[in-house]
Number of protein chains: 2
Amino acid sequence: MSGIYLDYQSASPVDPRVHDFAERYLTKEFGNPSALHSSGLAAKVALEEARAKVAEFINAESAETIVFTSGVTEANNLAIRGTALRNSSKGKALLASAIEHISVLNPMKDLKKGGFDLALVPVDSTGIIDLVMLESLLSKETILTSIMYANSEIGTIEPIREASEIVHKKGLYLHVDAAAAEGRIPIDVQNDGIDLLTLSSNDLYGPQGAGALYIKPGMRIQPVLFGGGQERGFRSGTENLFAIVGMGEAARLAKMEMEGEGNRLRGIRDELIKKLLQIDEAYLTGHPHKRLSNHASFRFSRIEGESILLTLDAMFNIQVSTGSACSSRTLEPSHVLLAIGLKHEQAHGSMVMTLGKHNDPDQVPLIATAVSNTVQRLRALSPL
Amino acid sequence: MSGIYLDYQSASPVDPRVHDFAERYLTKEFGNPSALHSSGLAAKVALEEARAKVAEFINAESAETIVFTSGVTEANNLAIRGTALRNSSKGKALLASAIEHISVLNPMKDLKKGGFDLALVPVDSTGIIDLVMLESLLSKETILTSIMYANSEIGTIEPIREASEIVHKKGLYLHVDAAAAEGRIPIDVQNDGIDLLTLSSNDLYGPQGAGALYIKPGMRIQPVLFGGGQERGFRSGTENLFAIVGMGEAARLAKMEMEGEGNRLRGIRDELIKKLLQIDEAYLTGHPHKRLSNHASFRFSRIEGESILLTLDAMFNIQVSTGSACSSRTLEPSHVLLAIGLKHEQAHGSMVMTLGKHNDPDQVPLIATAVSNTVQRLRALSPL
């Protein structure tokens, strides 16, 4: 990939060390972990080693709390549908922050069609959830509350521990989607008070095709996919060993390197924000400092984020995002940007940069010049 | 992997050509197909090329009929739950052959808890479904019938076209799980009269972590996983591009090479069956000739299949299966072997050999001697 890639939240390259570590499970040690012969047993050992690494990454009580899935969307669906359908006799109310990812909101909306209630906790203009509203929206019927660890569109980090105290004080359960946060900030499910945690492989520079759901001991959930009963019955289907082993190794590396790499990226990120805010009518979206170390998000008045993206790509070979890749092909404004109080036309001027391994400080002046030129050019063309 | 591997149905190595073809999507061309910049567009092109290859592999009407999933289990769940829940206003009856894979039967059993009816079509002693019973069990309420193309435990190939005519004569829908059959026998969804077809990547020597569901134009189904609306809304979640691109290339290679490789394996397989049936009280399970070209399955009286498996593995470095890897860790006898009329103690004596790329005719005498010695040894120890 040539040019300057600034869209690590939507897809990241597999770390070469992860690739080297896991590759043998594609072509050489390709056993099925459920098979009873020695190839199967070797695969089972590799699977359980990966599980232990992921458990350690989030300080889980034991490796058994980790259920591997095909990715974040499946883990979020398992957390939400699995909890809701298993515990519907206790209540049928769901609660989520207004800025959750659509793989959290859409399973909840589907459950709403089936008779569940869904309420959304508002956020302030920086994207921080309103803890007073959280408390007042919780009822005995609230069988699950979802609050993301950090938001991928605006980078804001949520006060998970405070939210957890509020939810737990009422004896209720908290699900946390950590796809954007993992590898950026240390996660400790026990200390943070998390009952269900969604993890992604690729956000740690592991292969696509693996994710995980941490399920706190004692949580009762049911599967979404039915079949051979793999993953202790929580997730049937032959394990994607390459991706899972890769995810385990990626988690091990992230635990060791997160702090140093976070500091490195934060330096680049701060410089980038400083430079880009010098552009006329450029605004930071999200929180000024409670934000992911690799995350810089902006809005520019009077132009479309999509036009910025396409111009930066075509003319400067710089790849950015307008928000969530998942919804990038719809023309709807981002629900996240509307939730922080932006008007439709303001939300359409969004540009998101997420940094990663291949970025370095030398790129900042190039990026700043390119964005500045792009914004000027587009505004000159704009009828607004 | 050293020794002689005879368990290709439970896991297969990725073809080195597939690996070489798809590897760049892990570390170099790692874009998210939903992203709008050039990396995203390149990923989208690769995704759609894979879709076209899979469609061509089964002679589908168009590439748009193919929905990629994380594997067979998810594809089967999507076919069954997706059809049942979307069409429940028309009827709530499900029908399946008695020897379907548990990733077909278990989603149906879960729906049964939710008020659906489930009936099973019996099979004869060779595993062929009873077409008269199929016809008599169908009613206007039968919103979906599942019949597998071939069975992975006994190798029997089902009369799909005849079954389809019966189902379609009543205006109903047929789902076919082709995980065991694909790459062994040519599949033509239009000619075969298939409405929903489940495909696996790994059974074609593609990577784990990808599968597909063919959805005939006009079929109405709903998703199982909710989120970003990828795969035209039928399957949300960031695409596992490496596995999907690998599956596409594996399908292309399989289409070209299936016939030659099938003939080669059939020769080895026939020799293997001939030799092993010389063992005292050894019986073939499944159909004598309507069976997969790579499939040899047996039962031996007075011994346990699991003991055969472990002895062959430990003493001769030969890896076989007792049936389905998915259920290998339960002590229950196989539902497939019970369905063909075996008694519990007969079903426990099962041994399954599935051949693949790394097998050659020279291995047959070694395998035959090893199995013969193993059976004698175990019978000498047996209290029966």
# chains A, B, ... in the order shown; residues from 1 in each chain; ligands from 1

call {"tool": "residues_around", "arguments": {"residues": "segment 301-315 of chain A", "least_positions_apart": "3", "cutoff": "10 Å", "atoms": "only C-alpha atoms", "output": "JSON, numbers by chain"}}
result
{"A": [3, 4, 5, 280, 281, 282, 283, 298, 318, 319, 320, 321, 322, 323, 328, 331, 345, 346, 347, 348, 349, 350, 351, 352, 367, 370, 371, 373, 374, 375, 376, 377, 378, 379, 380, 381, 382, 383, 384], "B": [36, 37, 38, 39]}

call {"tool": "residues_around", "arguments": {"residues": "segment 358-366 of chain B", "least_positions_apart": "3", "cutoff": "12 Å", "atoms": "only C-alpha atoms", "output": "ChimeraX atom specification"}}
result
/A:27-28 /B:1-8,12-15,205,261,264-276,294,312,316-319,353-355,369-373

call {"tool": "select_by_dssp", "arguments": {"residues": "segment 216-371 of chain A", "states": "alpha helix (DSSP H)", "output": "JSON, numbers by chain"}}
result
{"A": [241, 242, 243, 244, 245, 246, 247, 248, 249, 250, 251, 252, 253, 254, 255, 256, 257, 258, 259, 260, 261, 262, 263, 264, 265, 266, 267, 268, 269, 270, 271, 272, 273, 274, 275, 276, 305, 306, 307, 308, 309, 310, 311, 312, 313, 314, 315, 316, 335, 336, 337, 338, 339, 344, 345, 346, 347, 363, 364, 365, 366, 367, 368, 369, 370, 371]}

call {"tool": "closest_residue", "arguments": {"among": "B:Asp192, B:Glu182, B:Glu23, B:Asp124", "to": "Ser293 of chain B", "atoms": "only C-alpha atoms"}}
result
B:Glu182

call {"tool": "select_by_dssp", "arguments": {"residues": "segment 18-173 of chain B", "states": "strand (DSSP E)", "output": "PyMOL selection string"}}
result
chain B and resi 66-69+93-97+117-121+142-146

call {"tool": "write_last_selection", "arguments": {"atoms": "all heavy atoms", "output": "compact mmCIF listing (two decimals), in the first residue's frame"}}
result
# COMPACT_ATOMS: atom_id res chain seq x y z
N ILE B 66 -24.71 -14.86 -4.19
CA ILE B 66 -23.76 -15.41 -3.20
C ILE B 66 -23.59 -14.46 -2.02
O ILE B 66 -23.23 -13.29 -2.19
CB ILE B 66 -22.37 -15.63 -3.85
CG1 ILE B 66 -22.46 -16.52 -5.08
CG2 ILE B 66 -21.37 -16.18 -2.83
CD1 ILE B 66 -22.99 -17.92 -4.82
N VAL B 67 -23.84 -14.95 -0.82
CA VAL B 67 -23.59 -14.20 0.41
C VAL B 67 -22.47 -14.88 1.16
O VAL B 67 -22.57 -16.07 1.49
CB VAL B 67 -24.86 -14.15 1.29
CG1 VAL B 67 -24.56 -13.59 2.67
CG2 VAL B 67 -25.94 -13.32 0.60
N PHE B 68 -21.39 -14.17 1.41
CA PHE B 68 -20.29 -14.76 2.17
C PHE B 68 -20.58 -14.73 3.66
O PHE B 68 -21.12 -13.74 4.18
CB PHE B 68 -18.98 -14.02 1.87
CG PHE B 68 -18.42 -14.32 0.52
CD1 PHE B 68 -18.38 -13.35 -0.47
CD2 PHE B 68 -17.94 -15.59 0.21
CE1 PHE B 68 -17.88 -13.62 -1.74
CE2 PHE B 68 -17.43 -15.88 -1.06
CZ PHE B 68 -17.40 -14.89 -2.03
N THR B 69 -20.22 -15.80 4.33
CA THR B 69 -20.39 -15.91 5.78
C THR B 69 -19.05 -16.32 6.39
O THR B 69 -18.05 -16.45 5.67
CB THR B 69 -21.43 -17.00 6.13
OG1 THR B 69 -20.89 -18.29 5.79
CG2 THR B 69 -22.74 -16.80 5.37
N ALA B 93 -43.57 -25.12 9.62
CA ALA B 93 -43.07 -26.50 9.61
C ALA B 93 -41.73 -26.56 8.89
O ALA B 93 -41.53 -25.93 7.85
CB ALA B 93 -44.08 -27.42 8.94
N LEU B 94 -40.82 -27.31 9.47
CA LEU B 94 -39.49 -27.53 8.90
C LEU B 94 -39.30 -29.01 8.67
O LEU B 94 -39.78 -29.84 9.44
CB LEU B 94 -38.41 -27.02 9.87
CG LEU B 94 -38.47 -25.54 10.23
CD1 LEU B 94 -37.62 -25.26 11.46
CD2 LEU B 94 -37.99 -24.70 9.05
N LEU B 95 -38.56 -29.33 7.61
CA LEU B 95 -38.32 -30.73 7.27
C LEU B 95 -36.83 -30.88 6.98
O LEU B 95 -36.22 -30.01 6.36
CB LEU B 95 -39.16 -31.08 6.04
CG LEU B 95 -39.33 -32.56 5.67
CD1 LEU B 95 -39.91 -33.35 6.81
CD2 LEU B 95 -40.24 -32.65 4.44
N ALA B 96 -36.25 -31.99 7.43
CA ALA B 96 -34.84 -32.23 7.14
C ALA B 96 -34.62 -33.73 7.03
O ALA B 96 -35.37 -34.52 7.62
CB ALA B 96 -33.96 -31.67 8.26
N SER B 97 -33.60 -34.11 6.30
CA SER B 97 -33.24 -35.53 6.32
C SER B 97 -32.72 -35.87 7.70
O SER B 97 -32.19 -35.00 8.41
CB SER B 97 -32.18 -35.84 5.26
OG SER B 97 -30.88 -35.69 5.80
N ASP B 117 -42.63 -26.63 13.92
CA ASP B 117 -42.65 -28.09 13.87
C ASP B 117 -41.43 -28.57 13.10
O ASP B 117 -41.01 -27.94 12.13
CB ASP B 117 -43.89 -28.59 13.13
CG ASP B 117 -45.13 -28.48 13.99
OD1 ASP B 117 -45.01 -28.66 15.22
OD2 ASP B 117 -46.20 -28.19 13.44
N LEU B 118 -40.89 -29.69 13.50
CA LEU B 118 -39.75 -30.28 12.79
C LEU B 118 -40.01 -31.75 12.56
O LEU B 118 -40.32 -32.49 13.49
CB LEU B 118 -38.47 -30.09 13.62
CG LEU B 118 -37.23 -30.86 13.15
CD1 LEU B 118 -36.82 -30.45 11.73
CD2 LEU B 118 -36.06 -30.63 14.12
N ALA B 119 -39.91 -32.17 11.29
CA ALA B 119 -40.03 -33.59 10.97
C ALA B 119 -38.77 -34.02 10.23
O ALA B 119 -38.13 -33.21 9.55
CB ALA B 119 -41.26 -33.83 10.11
N LEU B 120 -38.39 -35.28 10.39
CA LEU B 120 -37.18 -35.80 9.76
C LEU B 120 -37.54 -36.86 8.72
O LEU B 120 -38.34 -37.76 8.99
CB LEU B 120 -36.25 -36.40 10.82
CG LEU B 120 -35.75 -35.42 11.89
CD1 LEU B 120 -34.84 -36.13 12.89
CD2 LEU B 120 -35.00 -34.23 11.27
N VAL B 121 -36.91 -36.75 7.54
CA VAL B 121 -37.13 -37.73 6.49
C VAL B 121 -36.16 -38.89 6.72
O VAL B 121 -34.95 -38.68 6.79
CB VAL B 121 -36.84 -37.11 5.10
CG1 VAL B 121 -37.18 -38.10 4.00
CG2 VAL B 121 -37.60 -35.81 4.92
N THR B 142 -44.80 -26.34 5.24
CA THR B 142 -43.35 -26.61 5.25
C THR B 142 -42.60 -25.48 4.55
O THR B 142 -42.44 -25.48 3.34
CB THR B 142 -43.06 -27.95 4.54
OG1 THR B 142 -43.93 -28.95 5.04
CG2 THR B 142 -41.61 -28.37 4.76
N ILE B 143 -42.12 -24.53 5.33
CA ILE B 143 -41.49 -23.38 4.71
C ILE B 143 -40.06 -23.67 4.27
O ILE B 143 -39.52 -22.96 3.43
CB ILE B 143 -41.52 -22.13 5.62
CG1 ILE B 143 -41.14 -22.50 7.05
CG2 ILE B 143 -42.87 -21.47 5.56
CD1 ILE B 143 -41.04 -21.31 7.95
N LEU B 144 -39.45 -24.74 4.80
CA LEU B 144 -38.11 -25.08 4.33
C LEU B 144 -37.82 -26.56 4.55
O LEU B 144 -38.16 -27.12 5.59
CB LEU B 144 -37.03 -24.25 5.03
CG LEU B 144 -35.63 -24.35 4.42
CD1 LEU B 144 -35.60 -23.77 3.01
CD2 LEU B 144 -34.59 -23.65 5.29
N THR B 145 -37.19 -27.15 3.54
CA THR B 145 -36.72 -28.54 3.62
C THR B 145 -35.22 -28.53 3.40
O THR B 145 -34.73 -27.93 2.45
CB THR B 145 -37.40 -29.39 2.53
OG1 THR B 145 -38.81 -29.34 2.71
CG2 THR B 145 -36.92 -30.83 2.57
N SER B 146 -34.48 -29.20 4.28
CA SER B 146 -33.03 -29.29 4.14
C SER B 146 -32.61 -30.73 3.83
O SER B 146 -32.90 -31.64 4.61
CB SER B 146 -32.31 -28.87 5.43
OG SER B 146 -32.14 -27.49 5.49

call {"tool": "closest_atom_pairs", "arguments": {"of": "chain B", "to": "chain A", "cutoff": "6 Å", "atoms": "only C-alpha atoms", "output": "CSV"}}
result
residue,atom,partner,partner_atom,distance
B:Met1,CA,A:Lys28,CA,5.7
B:Ser10,CA,A:Asn32,CA,5.9
B:Ala11,CA,A:Asn32,CA,5.3
B:Pro13,CA,A:Thr27,CA,4.7
B:Val14,CA,A:Thr27,CA,5.1
B:Leu26,CA,A:Val14,CA,5.6
B:Thr27,CA,A:Pro13,CA,4.7
B:Lys28,CA,A:Met1,CA,5.7
B:Phe30,CA,A:Pro13,CA,5.6
B:Gly31,CA,A:Ala11,CA,5.6
B:Asn32,CA,A:Ala11,CA,5.3
B:Ser34,CA,A:Ala325,CA,5.4
B:Ala35,CA,A:Ala325,CA,5.0
B:Thr73,CA,A:Gly237,CA,5.1
B:Ile102,CA,A:Gly227,CA,5.1
B:Ser103,CA,A:Gly227,CA,3.7
B:Asn106,CA,A:Gly227,CA,5.3
B:Pro107,CA,A:Phe226,CA,5.2
B:Gln208,CA,A:Asn240,CA,5.1
B:Gly209,CA,A:Asn240,CA,5.0
B:Phe226,CA,A:Pro107,CA,5.2
B:Gly227,CA,A:Ser103,CA,3.7
B:Gly228,CA,A:Cys326,CA,4.8
B:Gly237,CA,A:Thr73,CA,5.1
B:Asn240,CA,A:Gly209,CA,5.0
B:Ala325,CA,A:Ala35,CA,5.0
B:Cys326,CA,A:Gly228,CA,4.8

call {"tool": "residues_around", "arguments": {"residues": "Gly341 of chain B", "least_positions_apart": "3", "cutoff": "9 Å", "atoms": "only C-alpha atoms", "output": "list in words"}}
result
Val123, Asp124, Ser125, Val336, Leu337 and Leu338 of chain B

call {"tool": "residues_around", "arguments": {"residues": "segment 151-160 of chain B", "least_positions_apart": "5", "cutoff": "8 Å", "atoms": "only C-alpha atoms", "output": "number ranges by chain"}}
result
B: 9, 99-101, 126-129, 180-181, 192, 285-287, 290-292, 295-297, 323-324, 336, 352

call {"tool": "write_last_selection", "arguments": {"atoms": "N, CA and C atoms", "output": "CSV table (one decimal), in the first residue's frame"}}
result
chain,number,residue,atom,x,y,z
B,9,GLN,N,-12.1,-34.3,5.7
B,9,GLN,CA,-13.4,-33.7,5.9
B,9,GLN,C,-13.4,-32.8,7.1
B,99,ILE,N,-30.2,-37.4,8.5
B,99,ILE,CA,-28.7,-37.4,8.6
B,99,ILE,C,-28.1,-36.1,8.3
B,100,GLU,N,-28.8,-35.0,8.4
B,100,GLU,CA,-28.2,-33.7,8.2
B,100,GLU,C,-27.1,-33.4,9.3
B,101,HIS,N,-26.2,-32.5,8.9
B,101,HIS,CA,-25.2,-32.1,9.9
B,101,HIS,C,-25.9,-31.4,11.0
B,126,THR,N,-28.3,-47.5,3.4
B,126,THR,CA,-27.1,-47.0,2.7
B,126,THR,C,-27.1,-45.5,2.9
B,127,GLY,N,-28.1,-44.9,3.5
B,127,GLY,CA,-28.1,-43.5,3.7
B,127,GLY,C,-28.9,-42.6,2.7
B,128,ILE,N,-29.5,-43.3,1.8
B,128,ILE,CA,-30.3,-42.6,0.8
B,128,ILE,C,-31.6,-42.2,1.3
B,129,ILE,N,-32.0,-40.9,1.1
B,129,ILE,CA,-33.3,-40.5,1.7
B,129,ILE,C,-34.5,-41.2,1.0
B,180,ALA,N,-19.8,-31.2,2.3
B,180,ALA,CA,-19.1,-32.4,2.1
B,180,ALA,C,-19.0,-32.7,0.6
B,181,ALA,N,-19.9,-32.3,-0.2
B,181,ALA,CA,-20.0,-32.7,-1.6
B,181,ALA,C,-19.1,-31.8,-2.5
B,192,ASP,N,-29.9,-28.4,-10.7
B,192,ASP,CA,-30.3,-29.3,-9.6
B,192,ASP,C,-31.6,-28.8,-8.9
B,285,THR,N,-19.8,-48.7,5.6
B,285,THR,CA,-21.0,-47.9,5.9
B,285,THR,C,-21.3,-47.0,4.7
B,286,GLY,N,-22.6,-46.6,4.5
B,286,GLY,CA,-22.9,-45.8,3.4
B,286,GLY,C,-23.2,-46.6,2.2
B,287,HIS,N,-23.3,-45.9,1.1
B,287,HIS,CA,-23.7,-46.5,-0.2
B,287,HIS,C,-22.4,-47.1,-0.9
B,290,LYS,N,-22.8,-44.9,-4.7
B,290,LYS,CA,-23.3,-43.5,-4.7
B,290,LYS,C,-22.6,-42.8,-3.5
B,291,ARG,N,-21.3,-42.7,-3.6
B,291,ARG,CA,-20.6,-42.1,-2.5
B,291,ARG,C,-19.5,-41.2,-3.0
B,292,LEU,N,-19.1,-40.3,-2.2
B,292,LEU,CA,-18.0,-39.3,-2.5
B,292,LEU,C,-16.8,-40.0,-2.9
B,295,HIS,N,-14.2,-40.8,-0.2
B,295,HIS,CA,-14.7,-41.2,1.1
B,295,HIS,C,-14.8,-42.7,1.3
B,296,ALA,N,-14.2,-43.2,2.4
B,296,ALA,CA,-14.2,-44.6,2.7
B,296,ALA,C,-14.6,-44.7,4.2
B,297,SER,N,-15.7,-45.3,4.5
B,297,SER,CA,-16.2,-45.4,5.9
B,297,SER,C,-16.6,-46.8,6.3
B,323,GLY,N,-16.2,-40.1,12.7
B,323,GLY,CA,-17.5,-39.6,12.2
B,323,GLY,C,-17.3,-38.1,12.0
B,324,SER,N,-18.2,-37.3,12.6
B,324,SER,CA,-18.1,-35.9,12.5
B,324,SER,C,-17.2,-35.3,13.6
B,336,VAL,N,-26.2,-40.1,12.5
B,336,VAL,CA,-26.2,-40.6,11.1
B,336,VAL,C,-26.2,-42.1,11.1
B,352,VAL,N,-13.9,-43.5,9.8
B,352,VAL,CA,-14.1,-42.8,8.6
B,352,VAL,C,-12.7,-42.3,8.1

call {"tool": "residues_around", "arguments": {"residues": "Leu174 of chain A", "least_positions_apart": "3", "cutoff": "12 Å", "atoms": "only C-alpha atoms", "output": "PyMOL selection string"}}
result
chain A and resi 79-80+83+94-97+134+138+142-149+160-171+177+189+192-198+214-216+219

call {"tool": "residues_around", "arguments": {"residues": "Leu204 of chain B", "least_positions_apart": "2", "cutoff": "8 Å", "atoms": "only C-alpha atoms", "output": "VMD selection string"}}
result
chain B and resid 182 to 183 200 to 202 206 247 250 to 251 254

call {"tool": "residues_around", "arguments": {"residues": "Leu199 of chain B", "least_positions_apart": "6", "cutoff": "6 Å", "atoms": "only C-alpha atoms", "output": "VMD selection string"}}
result
chain B and resid 178 to 179 211 to 212

call {"tool": "write_last_selection", "arguments": {"atoms": "all heavy atoms", "output": "compact mmCIF listing (two decimals), in the first residue's frame"}}
result
# COMPACT_ATOMS: atom_id res chain seq x y z
N ALA B 178 -23.93 -28.34 0.99
CA ALA B 178 -23.00 -29.00 0.07
C ALA B 178 -21.58 -29.05 0.62
O ALA B 178 -20.63 -29.28 -0.13
CB ALA B 178 -23.03 -28.31 -1.29
N ALA B 179 -21.42 -28.86 1.93
CA ALA B 179 -20.07 -28.78 2.50
C ALA B 179 -19.25 -30.04 2.19
O ALA B 179 -18.08 -29.95 1.83
CB ALA B 179 -20.15 -28.54 4.00
N GLY B 211 -17.34 -19.07 4.27
CA GLY B 211 -18.33 -19.98 3.72
C GLY B 211 -19.23 -19.11 2.88
O GLY B 211 -19.03 -17.90 2.79
N ALA B 212 -20.21 -19.72 2.27
CA ALA B 212 -21.14 -18.91 1.48
C ALA B 212 -22.51 -19.55 1.49
O ALA B 212 -22.64 -20.77 1.64
CB ALA B 212 -20.64 -18.76 0.04

call {"tool": "decode", "arguments": {"residues": "segment 130-138 of chain A", "atoms": "all heavy atoms", "output": "PDB file, in the first residue's frame"}}
result
ATOM      1  N   ASP A 130     -23.971  10.810  29.345  1.00  0.00           N
ATOM      2  CA  ASP A 130     -24.577  11.525  30.464  1.00  0.00           C
ATOM      3  C   ASP A 130     -24.880  10.504  31.566  1.00  0.00           C
ATOM      4  O   ASP A 130     -25.835   9.743  31.465  1.00  0.00           O
ATOM      5  CB  ASP A 130     -25.852  12.201  29.953  1.00  0.00           C
ATOM      6  CG  ASP A 130     -26.519  13.054  31.013  1.00  0.00           C
ATOM      7  OD1 ASP A 130     -26.371  12.736  32.215  1.00  0.00           O
ATOM      8  OD2 ASP A 130     -27.201  14.013  30.622  1.00  0.00           O
ATOM      9  N   LEU A 131     -24.055  10.492  32.611  1.00  0.00           N
ATOM     10  CA  LEU A 131     -24.177   9.457  33.645  1.00  0.00           C
ATOM     11  C   LEU A 131     -25.457   9.634  34.468  1.00  0.00           C
ATOM     12  O   LEU A 131     -26.010   8.649  34.972  1.00  0.00           O
ATOM     13  CB  LEU A 131     -22.946   9.463  34.549  1.00  0.00           C
ATOM     14  CG  LEU A 131     -21.628   9.022  33.863  1.00  0.00           C
ATOM     15  CD1 LEU A 131     -20.431   9.293  34.769  1.00  0.00           C
ATOM     16  CD2 LEU A 131     -21.676   7.545  33.484  1.00  0.00           C
ATOM     17  N   VAL A 132     -25.917  10.855  34.597  1.00  0.00           N
ATOM     18  CA  VAL A 132     -27.165  11.100  35.333  1.00  0.00           C
ATOM     19  C   VAL A 132     -28.338  10.504  34.560  1.00  0.00           C
ATOM     20  O   VAL A 132     -29.200   9.824  35.125  1.00  0.00           O
ATOM     21  CB  VAL A 132     -27.368  12.619  35.571  1.00  0.00           C
ATOM     22  CG1 VAL A 132     -28.725  12.881  36.241  1.00  0.00           C
ATOM     23  CG2 VAL A 132     -26.232  13.170  36.415  1.00  0.00           C
ATOM     24  N   MET A 133     -28.326  10.713  33.238  1.00  0.00           N
ATOM     25  CA  MET A 133     -29.373  10.125  32.399  1.00  0.00           C
ATOM     26  C   MET A 133     -29.271   8.606  32.398  1.00  0.00           C
ATOM     27  O   MET A 133     -30.279   7.908  32.399  1.00  0.00           O
ATOM     28  CB  MET A 133     -29.262  10.647  30.961  1.00  0.00           C
ATOM     29  CG  MET A 133     -29.847  12.027  30.770  1.00  0.00           C
ATOM     30  SD  MET A 133     -31.624  12.089  31.128  1.00  0.00           S
ATOM     31  CE  MET A 133     -32.290  11.152  29.763  1.00  0.00           C
ATOM     32  N   LEU A 134     -28.035   8.093  32.375  1.00  0.00           N
ATOM     33  CA  LEU A 134     -27.859   6.638  32.442  1.00  0.00           C
ATOM     34  C   LEU A 134     -28.591   6.090  33.656  1.00  0.00           C
ATOM     35  O   LEU A 134     -29.391   5.157  33.560  1.00  0.00           O
ATOM     36  CB  LEU A 134     -26.364   6.293  32.512  1.00  0.00           C
ATOM     37  CG  LEU A 134     -26.037   4.838  32.847  1.00  0.00           C
ATOM     38  CD1 LEU A 134     -26.504   3.893  31.749  1.00  0.00           C
ATOM     39  CD2 LEU A 134     -24.547   4.641  33.109  1.00  0.00           C
ATOM     40  N   GLU A 135     -28.324   6.703  34.807  1.00  0.00           N
ATOM     41  CA  GLU A 135     -28.928   6.213  36.043  1.00  0.00           C
ATOM     42  C   GLU A 135     -30.451   6.296  35.981  1.00  0.00           C
ATOM     43  O   GLU A 135     -31.150   5.363  36.381  1.00  0.00           O
ATOM     44  CB  GLU A 135     -28.392   7.012  37.242  1.00  0.00           C
ATOM     45  CG  GLU A 135     -28.928   6.496  38.559  1.00  0.00           C
ATOM     46  CD  GLU A 135     -28.001   6.787  39.729  1.00  0.00           C
ATOM     47  OE1 GLU A 135     -27.103   7.639  39.593  1.00  0.00           O
ATOM     48  OE2 GLU A 135     -28.180   6.133  40.781  1.00  0.00           O
ATOM     49  N   SER A 136     -30.952   7.385  35.443  1.00  0.00           N
ATOM     50  CA  SER A 136     -32.416   7.557  35.460  1.00  0.00           C
ATOM     51  C   SER A 136     -33.104   6.665  34.432  1.00  0.00           C
ATOM     52  O   SER A 136     -34.285   6.346  34.583  1.00  0.00           O
ATOM     53  CB  SER A 136     -32.785   9.023  35.250  1.00  0.00           C
ATOM     54  OG  SER A 136     -32.556   9.388  33.917  1.00  0.00           O
ATOM     55  N   LEU A 137     -32.389   6.246  33.389  1.00  0.00           N
ATOM     56  CA  LEU A 137     -33.008   5.390  32.372  1.00  0.00           C
ATOM     57  C   LEU A 137     -32.993   3.911  32.759  1.00  0.00           C
ATOM     58  O   LEU A 137     -33.678   3.096  32.151  1.00  0.00           O
ATOM     59  CB  LEU A 137     -32.309   5.583  31.019  1.00  0.00           C
ATOM     60  CG  LEU A 137     -32.643   6.888  30.286  1.00  0.00           C
ATOM     61  CD1 LEU A 137     -31.693   7.110  29.114  1.00  0.00           C
ATOM     62  CD2 LEU A 137     -34.090   6.872  29.796  1.00  0.00           C
ATOM     63  N   LEU A 138     -32.171   3.564  33.736  1.00  0.00           N
ATOM     64  CA  LEU A 138     -32.100   2.161  34.156  1.00  0.00           C
ATOM     65  C   LEU A 138     -33.337   1.785  34.962  1.00  0.00           C
ATOM     66  O   LEU A 138     -33.800   2.554  35.798  1.00  0.00           O
ATOM     67  CB  LEU A 138     -30.870   1.928  35.034  1.00  0.00           C
ATOM     68  CG  LEU A 138     -29.513   1.899  34.340  1.00  0.00           C
ATOM     69  CD1 LEU A 138     -28.406   1.956  35.390  1.00  0.00           C
ATOM     70  CD2 LEU A 138     -29.360   0.660  33.467  1.00  0.00           C
TER      71      LEU A 138
END
